[in-house]
>>> print(open('query-v6.txt').read())   # compact mmCIF, C-alpha atoms
# COMPACT_ATOMS: atom_id res chain seq x y z
CA MET A 1 9.19 -18.01 194.70
CA SER A 2 6.16 -19.41 192.89
CA VAL A 3 5.87 -23.20 192.93
CA ILE A 4 4.54 -25.64 190.32
CA ALA A 5 4.03 -29.31 191.25
CA LEU A 6 4.07 -32.25 188.83
CA VAL A 7 1.87 -35.09 190.12
CA GLY A 8 0.67 -38.35 188.62
CA ARG A 9 0.72 -42.14 188.80
CA PRO A 10 4.03 -44.08 188.69
CA ASN A 11 5.87 -44.26 185.37
CA VAL A 12 3.79 -41.67 183.50
CA GLY A 13 6.95 -39.64 182.79
CA LYS A 14 6.90 -36.94 185.48
CA SER A 15 10.68 -37.04 186.00
CA SER A 16 11.32 -36.97 182.24
CA LEU A 17 9.04 -33.93 181.92
CA PHE A 18 10.73 -32.36 184.96
CA ASN A 19 14.15 -32.78 183.32
CA ARG A 20 12.82 -31.33 180.07
CA LEU A 21 11.42 -28.25 181.85
CA VAL A 22 14.52 -27.51 183.95
CA LYS A 23 16.74 -28.27 180.91
CA ARG A 24 19.04 -30.74 182.64
CA SER A 25 19.07 -34.34 183.91
CA ALA A 26 18.21 -33.35 187.46
CA ALA A 27 15.92 -36.28 188.29
CA LEU A 28 16.77 -39.96 188.02
CA VAL A 29 14.77 -41.62 185.21
CA ASP A 30 14.20 -45.35 184.69
CA ASP A 31 11.58 -47.55 183.01
CA ARG A 32 10.79 -49.11 186.36
CA PRO A 33 7.87 -47.43 188.19
CA GLY A 34 8.42 -45.83 191.59
CA VAL A 35 11.92 -44.41 191.03
CA THR A 36 11.04 -40.98 192.45
CA ARG A 37 9.97 -41.02 196.09
CA ASP A 38 10.79 -37.61 197.56
CA ARG A 39 9.89 -34.11 196.50
CA HIS A 40 12.58 -33.04 194.03
CA TYR A 41 12.90 -29.30 193.39
CA GLY A 42 14.26 -27.56 190.30
CA ARG A 43 14.36 -24.03 188.91
CA LEU A 44 12.09 -23.25 185.98
CA ILE A 45 13.10 -20.18 183.95
CA ILE A 46 11.01 -18.79 181.08
CA ASP A 47 12.22 -15.51 179.58
CA ASP A 48 12.49 -13.01 182.47
CA ARG A 49 10.42 -15.06 184.91
CA GLU A 50 11.28 -17.97 187.11
CA GLY A 51 9.83 -20.27 189.71
CA SER A 52 10.34 -23.57 191.49
CA ILE A 53 9.04 -26.82 190.03
CA ILE A 54 8.54 -30.02 192.06
CA ASP A 55 8.86 -33.58 190.81
CA THR A 56 6.92 -35.96 193.05
CA GLY A 57 6.66 -39.70 193.49
CA GLY A 58 3.99 -41.77 191.78
CA PHE A 59 0.54 -41.77 193.41
CA GLU A 60 -0.16 -45.34 194.58
CA LEU A 61 -2.87 -47.28 196.37
CA ALA A 62 -2.26 -47.54 200.12
CA ALA A 63 -1.61 -51.28 199.86
CA GLU A 64 1.64 -50.75 197.95
CA PRO A 65 4.99 -50.59 199.87
CA LEU A 66 5.97 -47.01 200.76
CA ALA A 67 2.70 -45.74 199.24
CA THR A 68 1.61 -43.88 202.38
CA PRO A 69 4.80 -41.76 202.82
CA ILE A 70 5.03 -41.09 199.06
CA ASN A 71 1.38 -40.00 198.93
CA GLU A 72 2.08 -37.76 201.92
CA GLN A 73 4.88 -36.10 199.94
CA ILE A 74 2.40 -35.51 197.09
CA ARG A 75 -0.11 -33.98 199.53
CA LEU A 76 2.57 -31.64 200.92
CA ALA A 77 3.57 -30.61 197.39
CA LEU A 78 -0.07 -29.74 196.62
CA LEU A 79 -0.29 -27.64 199.78
CA GLU A 80 2.87 -25.78 198.81
CA CYS A 81 2.25 -25.19 195.10
CA ASP A 82 0.58 -22.36 193.20
CA LEU A 83 -0.29 -24.66 190.29
CA ALA A 84 -0.64 -28.45 190.01
CA VAL A 85 0.16 -30.20 186.74
CA LEU A 86 -1.48 -33.64 186.57
CA VAL A 87 0.66 -35.82 184.30
CA VAL A 88 -1.06 -38.85 182.71
CA ASP A 89 0.07 -41.55 180.27
CA GLY A 90 -1.34 -41.00 176.78
CA GLN A 91 -0.07 -44.40 175.57
CA ILE A 92 -1.85 -46.47 178.21
CA GLY A 93 -4.93 -44.24 178.31
CA PHE A 94 -7.30 -43.38 181.13
CA HIS A 95 -6.74 -45.08 184.49
CA PRO A 96 -9.08 -44.95 187.53
CA GLN A 97 -6.22 -43.66 189.70
CA ASP A 98 -5.96 -40.61 187.42
CA ALA A 99 -9.50 -39.73 188.52
CA GLU A 100 -8.59 -40.26 192.21
CA LEU A 101 -5.63 -37.93 191.86
CA ALA A 102 -7.73 -35.32 190.02
CA ASP A 103 -10.17 -35.39 192.96
CA LEU A 104 -7.25 -34.97 195.39
CA ILE A 105 -6.07 -31.90 193.46
CA ARG A 106 -9.56 -30.40 193.47
CA SER A 107 -9.85 -30.95 197.23
CA SER A 108 -6.57 -29.05 197.72
CA GLY A 109 -8.12 -25.97 196.13
CA ARG A 110 -5.12 -25.43 193.87
CA PRO A 111 -5.54 -24.48 190.20
CA ALA A 112 -4.59 -27.37 187.91
CA ILE A 113 -3.89 -28.24 184.30
CA LEU A 114 -3.51 -31.60 182.59
CA ALA A 115 -0.39 -32.78 180.69
CA VAL A 116 -1.02 -35.91 178.62
CA ASN A 117 2.48 -37.35 178.17
CA LYS A 118 3.91 -39.84 175.65
CA ILE A 119 2.07 -38.25 172.70
CA ASP A 120 5.08 -38.70 170.43
CA SER A 121 3.60 -37.41 167.15
CA PRO A 122 0.86 -34.96 166.06
CA GLU A 123 -1.12 -37.90 164.69
CA LYS A 124 -1.52 -39.28 168.23
CA GLU A 125 -2.95 -36.09 169.77
CA ASN A 126 -6.49 -37.49 169.50
CA GLN A 127 -5.46 -40.08 172.11
CA ALA A 128 -5.39 -37.28 174.67
CA LEU A 129 -9.06 -36.36 174.22
CA GLU A 130 -10.37 -39.14 176.47
CA PHE A 131 -8.75 -37.42 179.48
CA HIS A 132 -11.28 -34.56 179.25
CA ARG A 133 -13.41 -36.78 181.52
CA LEU A 134 -11.12 -35.80 184.41
CA GLY A 135 -12.80 -32.40 184.41
CA LEU A 136 -9.63 -30.26 184.45
CA PRO A 137 -10.01 -27.00 182.49
CA GLU A 138 -6.89 -27.18 180.26
CA LEU A 139 -5.37 -30.19 178.48
CA TYR A 140 -1.91 -30.24 176.83
CA PRO A 141 -0.62 -33.21 174.78
CA VAL A 142 3.15 -33.44 175.25
CA SER A 143 6.12 -35.73 174.73
CA ALA A 144 8.72 -35.36 177.47
CA ALA A 145 11.04 -37.65 175.50
CA HIS A 146 10.93 -35.67 172.23
CA GLY A 147 9.81 -32.19 173.33
CA LEU A 148 6.59 -32.22 171.30
CA GLY A 149 4.01 -29.83 172.81
CA VAL A 150 6.39 -28.64 175.54
CA PRO A 151 6.57 -25.01 174.25
CA THR A 152 2.77 -24.78 174.47
CA LEU A 153 2.87 -26.19 178.01
CA LEU A 154 5.50 -23.60 178.96
CA ASP A 155 3.20 -20.85 177.73
CA ALA A 156 0.55 -22.17 180.12
CA LEU A 157 3.04 -22.21 183.04
CA PHE A 158 4.38 -18.72 182.34
CA PRO A 159 1.61 -16.74 184.15
CA TYR A 160 2.31 -18.68 187.35
CA LEU A 161 5.99 -17.70 187.50
CA GLY A 162 7.32 -14.75 189.47
CA GLU A 163 9.61 -11.95 188.37
CA THR A 164 11.97 -12.23 191.33
CA SER A 165 13.27 -14.96 193.57
CA LEU A 166 15.58 -15.43 196.51
CA ASP A 167 19.20 -15.57 195.38
CA GLU A 168 20.77 -18.44 197.28
CA SER A 169 23.66 -19.00 194.89
CA GLY A 170 26.09 -18.38 197.75
CA ALA A 171 24.52 -20.96 200.06
CA PRO A 172 26.94 -23.69 201.17
CA ARG A 173 26.03 -27.00 199.51
CA ILE A 174 26.37 -29.99 201.81
CA ALA A 175 26.24 -33.56 200.49
CA VAL A 176 24.77 -35.95 203.06
CA ILE A 177 26.48 -39.25 202.27
CA GLY A 178 26.94 -42.63 203.90
CA ARG A 179 25.95 -46.28 203.89
CA PRO A 180 22.30 -47.36 203.50
CA ASN A 181 20.06 -46.94 206.55
CA ALA A 182 22.53 -44.75 208.46
CA GLY A 183 19.81 -42.11 208.89
CA LYS A 184 20.70 -39.52 206.23
CA SER A 185 17.11 -38.65 205.29
CA SER A 186 16.03 -38.70 208.95
CA ILE A 187 18.69 -36.12 209.82
CA ILE A 188 17.50 -33.81 207.02
CA ASN A 189 13.87 -34.22 208.12
CA GLN A 190 14.87 -33.32 211.68
CA ILE A 191 16.71 -30.22 210.45
CA CYS A 192 13.72 -29.18 208.32
CA GLY A 193 11.23 -29.83 211.09
CA GLN A 194 8.98 -31.77 208.69
CA ASN A 195 8.83 -35.02 206.72
CA ARG A 196 10.62 -33.51 203.76
CA LEU A 197 11.99 -36.89 202.62
CA VAL A 198 10.59 -40.41 202.60
CA VAL A 199 12.06 -42.44 205.46
CA ASP A 200 11.75 -46.21 205.90
CA SER A 201 13.64 -48.88 207.79
CA THR A 202 14.30 -50.67 204.48
CA PRO A 203 17.82 -49.80 203.23
CA GLY A 204 17.85 -48.06 199.86
CA THR A 205 14.72 -45.94 200.32
CA THR A 206 16.44 -42.85 198.87
CA ARG A 207 17.35 -43.26 195.20
CA ASP A 208 17.91 -39.80 193.77
CA ALA A 209 20.09 -36.92 194.96
CA VAL A 210 17.57 -34.42 196.35
CA ASP A 211 18.35 -30.77 197.15
CA VAL A 212 16.77 -29.34 200.30
CA THR A 213 17.21 -25.63 201.08
CA ILE A 214 17.03 -24.61 204.75
CA HIS A 215 17.70 -21.43 206.73
CA VAL A 216 19.54 -21.41 210.05
CA ASN A 217 19.87 -18.02 211.78
CA ASP A 218 18.73 -16.38 208.51
CA ARG A 219 21.56 -18.01 206.57
CA PRO A 220 20.72 -20.41 203.70
CA TYR A 221 22.21 -23.88 203.38
CA VAL A 222 21.50 -26.52 200.73
CA LEU A 223 21.48 -30.12 201.94
CA VAL A 224 21.79 -32.80 199.25
CA ASP A 225 20.29 -36.11 200.37
CA THR A 226 21.87 -39.04 198.54
CA ALA A 227 21.34 -42.76 198.13
CA GLY A 228 23.19 -45.08 200.49
CA VAL A 229 26.49 -46.34 199.07
CA ARG A 230 27.11 -50.06 199.50
CA ARG A 231 30.22 -52.01 198.56
CA ARG A 232 30.62 -52.30 194.80
CA GLY A 233 30.33 -56.09 194.91
CA ARG A 234 26.87 -55.86 196.48
CA VAL A 235 25.51 -53.38 193.92
CA SER A 236 23.94 -55.41 191.13
CA GLU A 237 20.77 -53.67 189.97
CA LYS A 238 21.03 -51.00 187.28
CA LEU A 239 18.86 -48.55 189.26
CA GLU A 240 21.01 -48.85 192.38
CA LYS A 241 24.14 -48.33 190.30
CA LEU A 242 22.66 -45.12 188.89
CA SER A 243 21.68 -44.01 192.41
CA VAL A 244 25.19 -44.62 193.75
CA LEU A 245 26.76 -42.79 190.79
CA ARG A 246 24.49 -39.80 191.48
CA ALA A 247 25.41 -39.88 195.16
CA LEU A 248 29.13 -39.78 194.39
CA LYS A 249 28.65 -37.26 191.57
CA SER A 250 26.86 -34.91 193.96
CA LEU A 251 30.15 -34.43 195.84
CA GLU A 252 31.57 -32.59 192.82
CA LYS A 253 28.84 -29.95 193.07
CA CYS A 254 28.99 -29.57 196.86
CA ASP A 255 31.28 -27.63 199.18
CA LEU A 256 31.53 -30.20 201.95
CA ALA A 257 30.07 -33.52 203.05
CA PHE A 258 28.30 -34.88 206.10
CA LEU A 259 29.40 -38.51 206.32
CA VAL A 260 26.62 -40.13 208.36
CA VAL A 261 27.72 -43.15 210.41
CA ASP A 262 25.49 -45.49 212.42
CA ALA A 263 26.73 -45.32 216.02
CA THR A 264 25.29 -48.78 216.78
CA GLU A 265 27.43 -50.35 214.03
CA GLY A 266 30.57 -48.22 214.31
CA LEU A 267 32.94 -47.32 211.50
CA ALA A 268 32.96 -49.79 208.63
CA ASP A 269 35.44 -50.23 205.79
CA GLN A 270 32.80 -48.85 203.42
CA ASP A 271 32.71 -45.60 205.43
CA ALA A 272 36.43 -45.28 204.74
CA HIS A 273 35.85 -45.85 201.01
CA ILE A 274 33.17 -43.14 200.90
CA ALA A 275 35.37 -40.73 202.86
CA GLY A 276 38.26 -41.45 200.51
CA TYR A 277 36.13 -40.56 197.50
CA ALA A 278 35.10 -37.25 199.10
CA LEU A 279 38.73 -36.47 199.90
CA GLU A 280 39.72 -37.34 196.32
CA LYS A 281 37.27 -34.66 195.16
CA GLY A 282 38.85 -32.18 197.56
CA ARG A 283 35.80 -31.91 199.83
CA PRO A 284 35.99 -31.37 203.60
CA ILE A 285 34.17 -33.95 205.72
CA VAL A 286 32.21 -33.77 208.96
CA LEU A 287 31.55 -37.18 210.50
CA VAL A 288 27.97 -37.22 211.80
CA VAL A 289 27.61 -40.14 214.21
CA ASN A 290 23.87 -40.82 214.24
CA LYS A 291 21.65 -42.89 216.60
CA TRP A 292 23.73 -41.78 219.58
CA ASP A 293 20.59 -41.99 221.76
CA LEU A 294 20.70 -45.79 221.37
CA ILE A 295 24.20 -46.02 222.89
CA LYS A 296 24.17 -47.02 226.57
CA ASP A 297 27.84 -46.71 227.52
CA LYS A 298 28.65 -43.47 225.73
CA LYS A 299 32.15 -43.01 227.23
CA GLU A 300 33.32 -46.47 226.16
CA THR A 301 31.76 -46.09 222.70
CA ARG A 302 33.36 -42.67 222.22
CA GLU A 303 36.80 -44.09 223.06
CA ALA A 304 36.29 -47.04 220.70
CA PHE A 305 35.11 -44.73 217.93
CA THR A 306 38.17 -42.50 218.38
CA LYS A 307 40.46 -45.52 217.99
CA ASP A 308 38.58 -46.71 214.89
CA LEU A 309 38.87 -43.21 213.46
CA GLU A 310 42.63 -43.26 213.89
CA LEU A 311 42.92 -46.70 212.30
CA LYS A 312 40.42 -46.63 209.43
CA LEU A 313 40.25 -42.92 208.60
CA VAL A 314 43.80 -41.87 209.38
CA PHE A 315 43.97 -40.05 206.01
CA LEU A 316 41.29 -37.59 207.23
CA GLU A 317 43.66 -36.36 209.93
CA LYS A 318 41.67 -33.83 212.02
CA ALA A 319 38.23 -34.38 210.49
CA PRO A 320 35.68 -33.25 213.12
CA TRP A 321 32.94 -35.58 214.31
CA VAL A 322 29.67 -34.83 216.02
CA THR A 323 27.31 -37.22 217.82
CA VAL A 324 23.63 -36.68 216.99
CA SER A 325 20.22 -38.30 217.23
CA ALA A 326 18.04 -37.76 214.17
CA LEU A 327 15.09 -39.19 216.10
CA LYS A 328 15.33 -36.77 219.03
CA GLY A 329 17.16 -33.88 217.38
CA GLN A 330 20.07 -34.02 219.80
CA GLY A 331 23.40 -32.54 218.66
CA ILE A 332 22.13 -31.16 215.33
CA VAL A 333 22.64 -27.56 216.42
CA LYS A 334 26.41 -28.19 216.77
CA LEU A 335 26.77 -28.76 213.02
CA TRP A 336 26.18 -25.18 211.81
CA PRO A 337 29.05 -23.33 213.57
CA LEU A 338 31.28 -26.13 212.28
CA VAL A 339 30.00 -25.71 208.71
CA ASP A 340 30.56 -21.95 208.85
CA LYS A 341 34.12 -22.44 210.12
CA ILE A 342 34.87 -24.99 207.40
CA MET A 343 33.45 -22.72 204.68
CA GLY A 344 35.64 -19.88 205.94
CA GLN A 345 38.71 -22.09 205.43
CA PHE A 346 37.43 -23.64 202.18
CA THR A 347 37.06 -20.25 200.50
CA SER A 348 40.07 -18.50 202.08
CA ARG A 349 42.80 -16.99 199.91
CA ALA A 350 46.33 -16.04 200.96
CA SER A 351 48.42 -13.33 199.35
CA THR A 352 51.33 -14.43 197.15
CA SER A 353 53.83 -12.70 199.41
CA GLU A 354 52.55 -14.60 202.44
CA VAL A 355 52.65 -17.92 200.59
CA ASN A 356 56.25 -17.33 199.55
CA ARG A 357 57.19 -16.35 203.09
CA VAL A 358 55.73 -19.60 204.46
CA ILE A 359 57.49 -21.74 201.85
CA THR A 360 60.81 -19.93 202.44
CA MET A 361 60.61 -20.55 206.19
CA ALA A 362 59.62 -24.19 205.62
CA VAL A 363 62.61 -24.75 203.30
CA GLU A 364 64.97 -23.10 205.80
CA ALA A 365 63.66 -25.31 208.62
CA HIS A 366 63.84 -28.50 206.55
CA THR A 367 66.24 -28.36 203.61
CA PRO A 368 64.99 -30.14 200.44
CA PRO A 369 66.93 -33.27 199.41
CA PHE A 370 69.52 -33.48 196.62
CA VAL A 371 68.38 -34.29 193.10
CA GLY A 372 71.31 -35.65 191.11
CA ARG A 373 74.25 -33.31 191.69
CA GLY A 374 72.17 -30.37 192.81
CA ARG A 375 69.61 -29.65 195.48
CA LEU A 376 65.89 -29.28 194.86
CA LYS A 377 65.04 -25.56 194.69
CA PHE A 378 61.76 -23.67 194.91
CA TYR A 379 61.65 -20.35 193.04
CA TYR A 380 58.15 -19.08 193.51
CA ALA A 381 54.82 -20.03 195.12
CA THR A 382 51.24 -18.78 194.88
CA GLN A 383 47.71 -19.82 195.75
CA ALA A 384 45.99 -20.74 192.50
CA THR A 385 42.42 -21.49 193.56
CA THR A 386 40.04 -21.96 196.47
CA ARG A 387 37.41 -24.69 197.08
CA PRO A 388 39.71 -26.39 198.15
CA PRO A 389 42.71 -24.09 198.74
CA SER A 390 45.26 -25.08 196.09
CA PHE A 391 48.85 -23.87 195.80
CA VAL A 392 51.35 -24.00 192.94
CA LEU A 393 55.11 -24.16 193.62
CA PHE A 394 57.62 -23.62 190.81
CA ALA A 395 60.77 -25.71 191.20
CA ASN A 396 63.86 -26.76 189.23
CA HIS A 397 62.87 -30.45 189.38
CA PRO A 398 59.10 -30.62 190.12
CA GLU A 399 58.92 -34.29 189.19
CA ALA A 400 61.49 -35.15 191.87
CA VAL A 401 59.57 -33.82 194.89
CA HIS A 402 59.08 -36.81 197.19
CA TYR A 403 55.66 -37.47 198.67
CA SER A 404 56.98 -37.05 202.23
CA TYR A 405 58.38 -33.59 201.47
CA LYS A 406 55.15 -32.61 199.72
CA ARG A 407 53.26 -33.73 202.83
CA TYR A 408 55.62 -31.59 204.93
CA LEU A 409 54.90 -28.48 202.82
CA VAL A 410 51.14 -29.12 202.93
CA ASN A 411 51.27 -29.27 206.73
CA ARG A 412 53.25 -26.01 206.91
CA LEU A 413 50.67 -24.27 204.69
CA LYS A 414 47.83 -25.65 206.80
CA GLU A 415 49.44 -24.41 210.01
CA ALA A 416 50.31 -20.99 208.62
CA PHE A 417 46.87 -20.20 207.18
CA GLY A 418 44.63 -22.04 209.65
CA LEU A 419 43.42 -24.69 207.20
CA ASP A 420 43.17 -27.61 209.61
CA LEU A 421 39.59 -28.62 208.66
CA VAL A 422 39.87 -28.68 204.86
CA PRO A 423 41.99 -30.52 202.26
CA VAL A 424 44.92 -28.54 200.87
CA ARG A 425 46.37 -29.32 197.47
CA VAL A 426 49.91 -28.53 196.32
CA PHE A 427 51.07 -28.79 192.70
CA PHE A 428 54.64 -28.51 191.47
CA ARG A 429 55.55 -26.91 188.14
CA SER A 430 58.78 -26.18 186.30
CA ARG A 431 60.11 -22.62 185.98
CA ARG A 432 59.60 -22.82 182.23
CA GLU A 433 55.85 -23.21 182.84
CA GLU A 434 55.93 -20.07 185.00
CA VAL A 435 57.61 -18.04 182.24
CA GLU A 436 55.22 -19.37 179.60
CA SER A 437 52.16 -18.60 181.69
CA LYS A 438 53.30 -15.02 182.29
CA SER A 439 54.23 -14.34 178.66
CA ARG A 440 51.15 -15.94 177.10
CA PRO A 441 48.51 -13.37 176.06
CA LYS A 442 45.27 -13.54 178.04
CA SER A 443 43.31 -14.02 174.83
CA TYR A 444 45.44 -16.97 173.82
CA SER A 445 43.57 -20.07 172.74
CA LYS A 446 44.59 -23.15 170.84
CA PRO A 447 43.86 -22.88 167.11
CA ARG A 448 40.84 -24.90 166.13
CA ARG A 449 41.20 -27.50 163.44
CA LYS A 450 39.11 -27.13 160.33
CA GLY A 451 35.83 -28.93 160.52
CA LYS A 452 35.69 -28.66 164.33
>>> encode(input="query-v6.txt", output="structure tokens")
Amino acid sequence: MSVIALVGRPNVGKSSLFNRLVKRSAALVDDRPGVTRDRHYGRLIIDDREGSIIDTGGFELAAEPLATPINEQIRLALLECDLAVLVVDGQIGFHPQDAELADLIRSSGRPAILAVNKIDSPEKENQALEFHRLGLPELYPVSAAHGLGVPTLLDALFPYLGETSLDESGAPRIAVIGRPNAGKSSIINQICGQNRLVVDSTPGTTRDAVDVTIHVNDRPYVLVDTAGVRRRGRVSEKLEKLSVLRALKSLEKCDLAFLVVDATEGLADQDAHIAGYALEKGRPIVLVVNKWDLIKDKKETREAFTKDLELKLVFLEKAPWVTVSALKGQGIVKLWPLVDKIMGQFTSRASTSEVNRVITMAVEAHTPPFVGRGRLKFYYATQATTRPPSFVLFANHPEAVHYSYKRYLVNRLKEAFGLDLVPVRVFFRSRREEVESKSRPKSYSKPRRKGK
């Protein structure tokens, strides 16, 4: 797939332009400079062509905090790309660092064009002319906020796009979640075999949710690095709140989650809160216990961790956990067979006849309780959806099914269909709803009100 990289100083609007080009709010945007730190990839589609576009962090002087690793990410993006787009700020005007970055692009040998951002009206296009001094062959005044000049920029990008690309739509998406400084980005870098993400000992280095595609044994996986999630009471800054919301939101678009835990600190209450949120979204969890190389008495620590798991994460039941070292790469290889097994369960579907057989046997083994003068009855059961496996049971009194009996039926379904590693959902409906759903025409839709 062809690659286009957006590079520029902090706060020139690279992420806003990135979102405009990929047609969605993929990158976190804020007025504060330095929000983007890692390479953030998106898919750029123009007519029948497509390619990959990279949003990068702001180019900074080496004296600034995190400048060196961010600049390294920019250098790697330039090595990878087929075209570099230097984004500058048309409101502020020419800046000496724009010239430094233009020289860096030229030294990379990559073709480049110039996008002068924040030109919000045709009358301001003359403000872009001063950037001709950078010596880049093509200059495009644009407004990422309002879309002005973007169609012309797209025409310039079109020749660099390819006609075909790898289809990785079926790749399992894995959200890498956890508390700050647990080692989430370090684990992804170890898996990739390169410094794909900015890593620093300061908690909160990762701010955006960044997709990273990898291949293990010729099979694609998408890892989603997320910001560390602290307790709500400790989150005060607007930017951190947005980062945490993106981290939690990423679970909705993923198939499972790696919950990264710091082995030197053990399980914390916040780990339980994060796990609970993932379970609420119906996502399977693999506990990845990082920094295991720093543990001296591994047997004692393993026993203590097992006890903590039973106390603090009892609702996860049989959630698997793997000890790893992001620094040394130990234990990482054990994750992939586990992911494949979980995905097999997460996407599995049982026939209606088998589901009814399991429910019938469960009811015979443990008779439902009385409801009023009669007993609770189940008429029919079916699997409605996958991701996670979800079952619908039609009963005479669906509202009267006690939580304990629901838990019993969930366990029987898990045992019968080998779903021990994934959440299973069971919904109860009345028989009237079953009849209505069967008799309703497939083309049925609610009539729209006038003016809507």
>>> atom_distance(input="query-v6.txt", atom1="atom CA of A:Asn181", atom2="atom CA of A:Trp321")
18.8 Å
>>> closest_residue(input="query-v6.txt", among="A:Val288, A:Ile274, A:Ile45, A:Val358", to="A:Val261", atoms="all atoms listed in the file")
A:Val288
>>> closest_atom_pairs(input="query-v6.txt", of="stretch 260-362 of chain A", to="stretch 383-406 of chain A", cutoff="6 Å", atoms="all atoms listed in the file", output="tab-separated table")
residue	atom	partner	partner_atom	distance
A:Gly282	CA	A:Pro388	CA	5.9
A:Phe346	CA	A:Arg387	CA	5.2
A:Thr347	CA	A:Thr386	CA	5.3
>>> write_last_selection(input="query-v6.txt", atoms="C-alpha atoms", output="mmCIF file, in the frame of the given file")
data_model
loop_
_atom_site.group_PDB
_atom_site.id
_atom_site.type_symbol
_atom_site.label_atom_id
_atom_site.label_comp_id
_atom_site.auth_asym_id
_atom_site.auth_seq_id
_atom_site.Cartn_x
_atom_site.Cartn_y
_atom_site.Cartn_z
ATOM 1 C CA GLY A 282 38.850 -32.180 197.560
ATOM 2 C CA PHE A 346 37.430 -23.640 202.180
ATOM 3 C CA THR A 347 37.060 -20.250 200.500
#
>>> atom_distance(input="query-v6.txt", atom1="atom CA of A:Leu223", atom2="atom CA of A:Pro172")
8.5 Å
>>> closest_residue(input="query-v6.txt", among="A:Val339, A:Ile70, A:Leu114, A:Val424", to="A:Val87", atoms="all atoms listed in the file")
A:Leu114
>>> atom_distance(input="query-v6.txt", atom1="atom CA of A:Ala102", atom2="atom CA of A:Ile74")
12.4 Å
>>> closest_residue(input="query-v6.txt", among="A:Phe94, A:Tyr221, A:Phe428, A:Phe258", to="A:Asp340", atoms="only C-alpha atoms")
A:Tyr221
>>> residues_around(input="query-v6.txt", residues="A:Ala263", least_positions_apart="2", cutoff="6 Å", atoms="all atoms listed in the file", output="PyMOL selection string")
chain A and resi 265-266+289-292
>>> write_last_selection(input="query-v6.txt", atoms="C-alpha atoms", output="compact mmCIF listing (two decimals), in the coordinates of the input")
# COMPACT_ATOMS: atom_id res chain seq x y z
CA GLU A 265 27.43 -50.35 214.03
CA GLY A 266 30.57 -48.22 214.31
CA VAL A 289 27.61 -40.14 214.21
CA ASN A 290 23.87 -40.82 214.24
CA LYS A 291 21.65 -42.89 216.60
CA TRP A 292 23.73 -41.78 219.58
>>> residues_around(input="query-v6.txt", residues="A:Ala77", least_positions_apart="4", cutoff="10 Å", atoms="all atoms listed in the file", output="PyMOL selection string")
chain A and resi 3-7+39-40+53-56+71-73+81-82+84+196
>>> write_last_selection(input="query-v6.txt", atoms="C-alpha atoms", output="CSV table (one decimal), in the frame of the given file")
chain,number,residue,atom,x,y,z
A,3,VAL,CA,5.9,-23.2,192.9
A,4,ILE,CA,4.5,-25.6,190.3
A,5,ALA,CA,4.0,-29.3,191.2
A,6,LEU,CA,4.1,-32.2,188.8
A,7,VAL,CA,1.9,-35.1,190.1
A,39,ARG,CA,9.9,-34.1,196.5
A,40,HIS,CA,12.6,-33.0,194.0
A,53,ILE,CA,9.0,-26.8,190.0
A,54,ILE,CA,8.5,-30.0,192.1
A,55,ASP,CA,8.9,-33.6,190.8
A,56,THR,CA,6.9,-36.0,193.0
A,71,ASN,CA,1.4,-40.0,198.9
A,72,GLU,CA,2.1,-37.8,201.9
A,73,GLN,CA,4.9,-36.1,199.9
A,81,CYS,CA,2.2,-25.2,195.1
A,82,ASP,CA,0.6,-22.4,193.2
A,84,ALA,CA,-0.6,-28.4,190.0
A,196,ARG,CA,10.6,-33.5,203.8
>>> axis_aligned_box(input="query-v6.txt", around="stretch 428-431 of chain A", padding_each_side="5 Å", output="AutoDock Vina command-line options")
--center_x 57.4 --center_y -25.6 --center_z 188.7 --size_x 15.5 --size_y 15.9 --size_z 15.5
>>> residues_around(input="query-v6.txt", residues="A:Ala416", least_positions_apart="6", cutoff="12 Å", atoms="all atoms listed in the file", output="CSV table (one decimal) with C-alpha atoms, keeping the file's coordinate frame")
chain,number,residue,atom,x,y,z
A,350,ALA,CA,46.3,-16.0,201.0
A,354,GLU,CA,52.6,-14.6,202.4
A,355,VAL,CA,52.6,-17.9,200.6
A,356,ASN,CA,56.2,-17.3,199.6
A,357,ARG,CA,57.2,-16.4,203.1
A,358,VAL,CA,55.7,-19.6,204.5
A,359,ILE,CA,57.5,-21.7,201.8
A,361,MET,CA,60.6,-20.6,206.2
A,362,ALA,CA,59.6,-24.2,205.6
A,409,LEU,CA,54.9,-28.5,202.8
A,410,VAL,CA,51.1,-29.1,202.9
